[in-house]
Amino acid sequence: MKISGIVCEYNPFHNGHAYHIAKTRENGATHIVAVMSGNFVQRGDAAVLGKLTRAQIAVASGVDLVLELPVAYSLAPAELFARGAVFLLRGLGCVEELSFGSECGDPARLSQAVKASVSCGKSDAMHQLLREGLPYPRAMRRLVLEQYGEELARVFDGPNNLLAVEYLKAMIFLGAKLQPFTVPRKSAMHDMLEGHSGSIASASFIRSCIEENEEYDELVPLLTAHALAQAGSSGCIGRLRNLERLILYRLRTVTQQELEEQFEMGPGLDGRILGARNSNSLDEALHAIKTKRYPMARIRRLLLCLLMGLRKEDLQTPPPYGRVLALNERGCEILAAAKGKSTIPFATSLAKLGEISPQARRYAELEARAADVYGLATRCITSSEQEYRAKITLTPPQEQETTETTEQE
């Protein structure tokens with residue numbers, strides 16, 4: 001048995017994700033566990049499909065076990081997003097490998113980038129560039145270019161390279177003994193909106209097709225196409241704009257103290273948020289808050305954290321449990337292998353997991369709240385308190401089809 005871990009969002013699951021899973025199998029993985037964002041994703045948005053649907057599609061498409069990345073970490077910056085996911089994989093105690101996509105495709109080069117990132121990230125020069133208003137990724141690239149040269153600096157141009165670096169840093173920070181395995185991305189860049197290559201496109205491009213009612217069926221597996229069609233006809237596609245009034249209300253009632261409790265609150269950002277409280281639309285508010293230093297994804301994450309009552313203290317400790325969203329028979333074998341080795345509890349019942357400790361209760365309450373908010377992010381409003389009634393069923397294993405290239409957003 002060789003168990004490989006994948007960190008994902010599957011928003012939505014598409015052909016590139018299927019290819020990544022297939023290449024992970026080709027590398028010897030007999031079992032695959034995925035740590036997946038829930039109903040809200042790291043770019044600061046509502047997922048197009050609910051987490052249980054996305055988890056079921058993943059298991060039907062080659063993953064064996066899907067664990068939920070807690071909402072506090074799915075709405076965190078990349079460093080903590082990666083750290084929370086790697087912590088859950090390490091917590092199982094039986095995962096041997098971390099599989100991820102990268103534009104670089106060279107583990108040795110990525111390891112060099114990790115060392116450069118750690119060195120530059122702690123430097124006085126980095127603090128100075130941030131004080132000058134330069135976004136962290138651009139500041140990092142500039143320092144790596146100056147200190148290590150153009151070849152290594154180019155690693156920091158690839159968005160999936162950046163995530164890969166954070167995964168590797170998280171493994172070092174947590175002492176996670178996982179063997180890194182990277183699948184080179186050949187096309188369909190992360191967040192690419194211009195088009196697609198054959199049957200491969202970025203998740204962002206597919207989401208734009210959904211919004212514009214354009215064809216995307218050839219870019220996703222049949223299960224995803226059916227799920228999206230059904231969600232579209234029933235008004236169950238998740239969209240941030242459906243939360244516009246809720247977010248505007250939260251902006252108009254937020255206090256200075258509540259802003260100070262937010263993890264991503266940087267210098268001057270609290271004033272910009274308070275200055276945007278009389279905005280008449282979500283777009284107006286976002287553009288009033290955004291600056292060169294604070295990109296849109298960070299602002300969206302911050303507003304969602306305010307809406308759901310997340311605080312920076314929720315990220316001061318690692319996830320207290322691992323919640324199972326979907327699994328098949330091989331997934332049951334992963335959980336069996338974890339018995340006696342896991343460092344945190346894993347289960348399907350949120351109610352039972354919430355009884356473990358006060359921190360677990362807080363996390364469970366946040367997940368329930370996030371699910372209730374997500375029920376308002378769709379055109380057809382769903383009932384509240386569904387999180388505690390969710391039924392996790394065993395999915396029969398399915399054979400995995402391969403495609404031509406990679407995508408891992």
# chains A, B, ... in the order shown; residues from 1 in each chain; ligands from 1
>>> residues_around(residues="A:Asp157", least_positions_apart="5", cutoff="10 Å", atoms="only C-alpha atoms", output="PyMOL selection string")
chain A and resi 103-104+137-138+141+152+162
>>> residues_around(residues="A:Cys236", least_positions_apart="4", cutoff="9 Å", atoms="only C-alpha atoms", output="VMD selection string")
chain A and resid 48 to 50 228 230 to 232 375 377 to 382
>>> write_last_selection(atoms="C-alpha atoms", output="tab-separated table (two decimals), in the first residue's frame")
chain	number	residue	atom	x	y	z
A	48	VAL	CA	-19.55	26.77	-7.68
A	49	LEU	CA	-20.76	23.43	-6.28
A	50	GLY	CA	-21.27	22.46	-2.66
A	228	LEU	CA	-23.15	21.66	-12.99
A	230	GLN	CA	-28.35	20.15	-12.50
A	231	ALA	CA	-27.11	22.87	-10.15
A	232	GLY	CA	-27.65	25.49	-12.84
A	375	GLY	CA	-27.00	28.28	1.54
A	377	ALA	CA	-24.83	32.11	-1.86
A	378	THR	CA	-27.04	30.24	-4.33
A	379	ARG	CA	-30.06	31.62	-6.19
A	380	CYS	CA	-32.25	28.98	-4.60
A	381	ILE	CA	-31.84	29.52	-0.86
A	382	THR	CA	-31.36	26.28	1.07
>>> residues_around(residues="A:Leu315", least_positions_apart="4", cutoff="10 Å", atoms="only C-alpha atoms", output="number ranges by chain")
A: 72-73, 76, 80, 84, 263, 310-311, 319
>>> write_last_selection(atoms="C-alpha atoms", output="PDB file, in the first residue's frame")
ATOM      1  CA  ALA A  72     -10.478  28.984   8.737  1.00  0.00           C
ATOM      2  CA  TYR A  73      -7.681  27.540   6.593  1.00  0.00           C
ATOM      3  CA  ALA A  76      -6.343  31.847   4.791  1.00  0.00           C
ATOM      4  CA  LEU A  80      -1.517  28.797   6.155  1.00  0.00           C
ATOM      5  CA  GLY A  84      -3.451  23.331   7.396  1.00  0.00           C
ATOM      6  CA  PHE A 263      -5.726  37.696  10.565  1.00  0.00           C
ATOM      7  CA  LEU A 310     -13.664  34.058  11.760  1.00  0.00           C
ATOM      8  CA  ARG A 311     -10.861  35.556  13.868  1.00  0.00           C
ATOM      9  CA  PRO A 319      -7.017  21.742  12.839  1.00  0.00           C
TER      10      PRO A 319
END
>>> select_by_dssp(residues="stretch 163-358 of chain A", states="strand (DSSP E)", output="ChimeraX atom specification")
/A:179-184,322-327,346-347
>>> residues_around(residues="A:Ala297", least_positions_apart="4", cutoff="7 Å", atoms="only C-alpha atoms", output="PyMOL selection string")
chain A and resi 43-44+301
>>> select_by_dssp(residues="stretch 205-272 of chain A", states="alpha helix (DSSP H)", output="number ranges by chain")
A: 205-212, 222-234, 244-253, 256-260, 269-272
>>> write_last_selection(atoms="C-alpha atoms", output="mmCIF file, in the first residue's frame")
data_model
loop_
_atom_site.group_PDB
_atom_site.id
_atom_site.type_symbol
_atom_site.label_atom_id
_atom_site.label_comp_id
_atom_site.auth_asym_id
_atom_site.auth_seq_id
_atom_site.Cartn_x
_atom_site.Cartn_y
_atom_site.Cartn_z
ATOM 1 C CA PHE A 205 -11.798 29.551 -17.496
ATOM 2 C CA ILE A 206 -14.482 26.943 -16.826
ATOM 3 C CA ARG A 207 -16.099 29.171 -14.213
ATOM 4 C CA SER A 208 -16.135 32.015 -16.730
ATOM 5 C CA CYS A 209 -17.873 29.674 -19.195
ATOM 6 C CA ILE A 210 -20.480 28.900 -16.545
ATOM 7 C CA GLU A 211 -21.088 32.606 -15.972
ATOM 8 C CA GLU A 212 -21.319 33.390 -19.692
ATOM 9 C CA LEU A 222 -19.283 13.720 -17.456
ATOM 10 C CA LEU A 223 -20.072 13.673 -13.731
ATOM 11 C CA THR A 224 -18.994 17.298 -13.354
ATOM 12 C CA ALA A 225 -20.966 18.345 -16.431
ATOM 13 C CA HIS A 226 -24.108 16.672 -15.090
ATOM 14 C CA ALA A 227 -23.659 18.160 -11.611
ATOM 15 C CA LEU A 228 -23.155 21.663 -12.995
ATOM 16 C CA ALA A 229 -26.149 21.336 -15.329
ATOM 17 C CA GLN A 230 -28.350 20.150 -12.503
ATOM 18 C CA ALA A 231 -27.109 22.868 -10.152
ATOM 19 C CA GLY A 232 -27.653 25.492 -12.842
ATOM 20 C CA SER A 233 -31.230 24.425 -13.554
ATOM 21 C CA SER A 234 -32.110 24.254 -9.853
ATOM 22 C CA GLU A 244 -23.820 41.046 -1.663
ATOM 23 C CA ARG A 245 -26.426 42.375 0.774
ATOM 24 C CA LEU A 246 -25.102 40.275 3.639
ATOM 25 C CA ILE A 247 -21.542 41.507 3.050
ATOM 26 C CA LEU A 248 -22.678 45.129 2.738
ATOM 27 C CA TYR A 249 -24.615 44.763 5.991
ATOM 28 C CA ARG A 250 -21.525 43.357 7.677
ATOM 29 C CA LEU A 251 -19.439 46.240 6.347
ATOM 30 C CA ARG A 252 -21.911 48.781 7.706
ATOM 31 C CA THR A 253 -21.967 47.227 11.188
ATOM 32 C CA GLN A 256 -12.763 48.667 14.836
ATOM 33 C CA GLN A 257 -12.237 45.915 17.404
ATOM 34 C CA GLU A 258 -13.662 43.291 15.044
ATOM 35 C CA LEU A 259 -11.312 44.440 12.319
ATOM 36 C CA GLU A 260 -8.347 44.156 14.675
ATOM 37 C CA LEU A 269 -6.539 48.256 5.638
ATOM 38 C CA ASP A 270 -8.915 48.806 8.534
ATOM 39 C CA GLY A 271 -9.356 52.436 7.520
ATOM 40 C CA ARG A 272 -10.084 51.494 3.923
#
>>> residues_around(residues="stretch 340-347 of chain A", least_positions_apart="4", cutoff="8 Å", atoms="only C-alpha atoms", output="ChimeraX atom specification")
/A:91-94,320-324,335,353
>>> write_last_selection(atoms="N, CA and C atoms", output="JSON list (two decimals), in the first residue's frame")
[["chain", "number", "residue", "atom", "x", "y", "z"],
["A", 91, "GLY", "N", -1.41, 14.16, 9.89],
["A", 91, "GLY", "CA", -2.20, 13.66, 11.01],
["A", 91, "GLY", "C", -2.72, 12.26, 10.83],
["A", 92, "LEU", "N", -2.90, 11.83, 9.57],
["A", 92, "LEU", "CA", -3.34, 10.46, 9.34],
["A", 92, "LEU", "C", -2.28, 9.45, 9.77],
["A", 93, "GLY", "N", -1.01, 9.83, 9.66],
["A", 93, "GLY", "CA", 0.06, 8.96, 10.10],
["A", 93, "GLY", "C", 0.42, 7.85, 9.14],
["A", 94, "CYS", "N", -0.22, 7.82, 7.97],
["A", 94, "CYS", "CA", 0.06, 6.73, 7.02],
["A", 94, "CYS", "C", 0.26, 7.23, 5.60],
["A", 320, "PRO", "N", -8.15, 20.67, 14.73],
["A", 320, "PRO", "CA", -8.25, 19.71, 15.84],
["A", 320, "PRO", "C", -8.76, 18.34, 15.42],
["A", 321, "TYR", "N", -9.22, 18.23, 14.18],
["A", 321, "TYR", "CA", -9.76, 16.95, 13.70],
["A", 321, "TYR", "C", -9.73, 16.95, 12.17],
["A", 322, "GLY", "N", -9.99, 15.79, 11.60],
["A", 322, "GLY", "CA", -10.14, 15.67, 10.16],
["A", 322, "GLY", "C", -11.51, 15.14, 9.84],
["A", 323, "ARG", "N", -12.29, 15.92, 9.10],
["A", 323, "ARG", "CA", -13.65, 15.51, 8.77],
["A", 323, "ARG", "C", -13.68, 14.85, 7.39],
["A", 324, "VAL", "N", -14.26, 13.67, 7.33],
["A", 324, "VAL", "CA", -14.40, 12.93, 6.09],
["A", 324, "VAL", "C", -15.62, 13.41, 5.33],
["A", 335, "LEU", "N", -8.28, 4.79, 6.29],
["A", 335, "LEU", "CA", -8.65, 5.07, 7.68],
["A", 335, "LEU", "C", -8.25, 3.92, 8.59],
["A", 353, "LEU", "N", -17.35, 15.11, 16.19],
["A", 353, "LEU", "CA", -16.03, 15.75, 16.17],
["A", 353, "LEU", "C", -16.03, 17.00, 17.04]]
>>> closest_residue(among="A:Ser357, A:Leu327, A:Leu130, A:Arg142", to="A:Lys391", atoms="only C-alpha atoms")
A:Leu327
>>> closest_residue(among="A:Pro318, A:Ala55, A:Leu143, A:Tyr167", to="A:Ala360", atoms="only C-alpha atoms")
A:Pro318
>>> closest_residue(among="A:Thr182, A:Gln316, A:Gln147, A:Gln359", to="A:Lys115", atoms="only C-alpha atoms")
A:Gln147
>>> residues_around(residues="A:Leu325", least_positions_apart="6", cutoff="7 Å", atoms="only C-alpha atoms", output="number ranges by chain")
A: 52, 55, 66-68, 348, 392
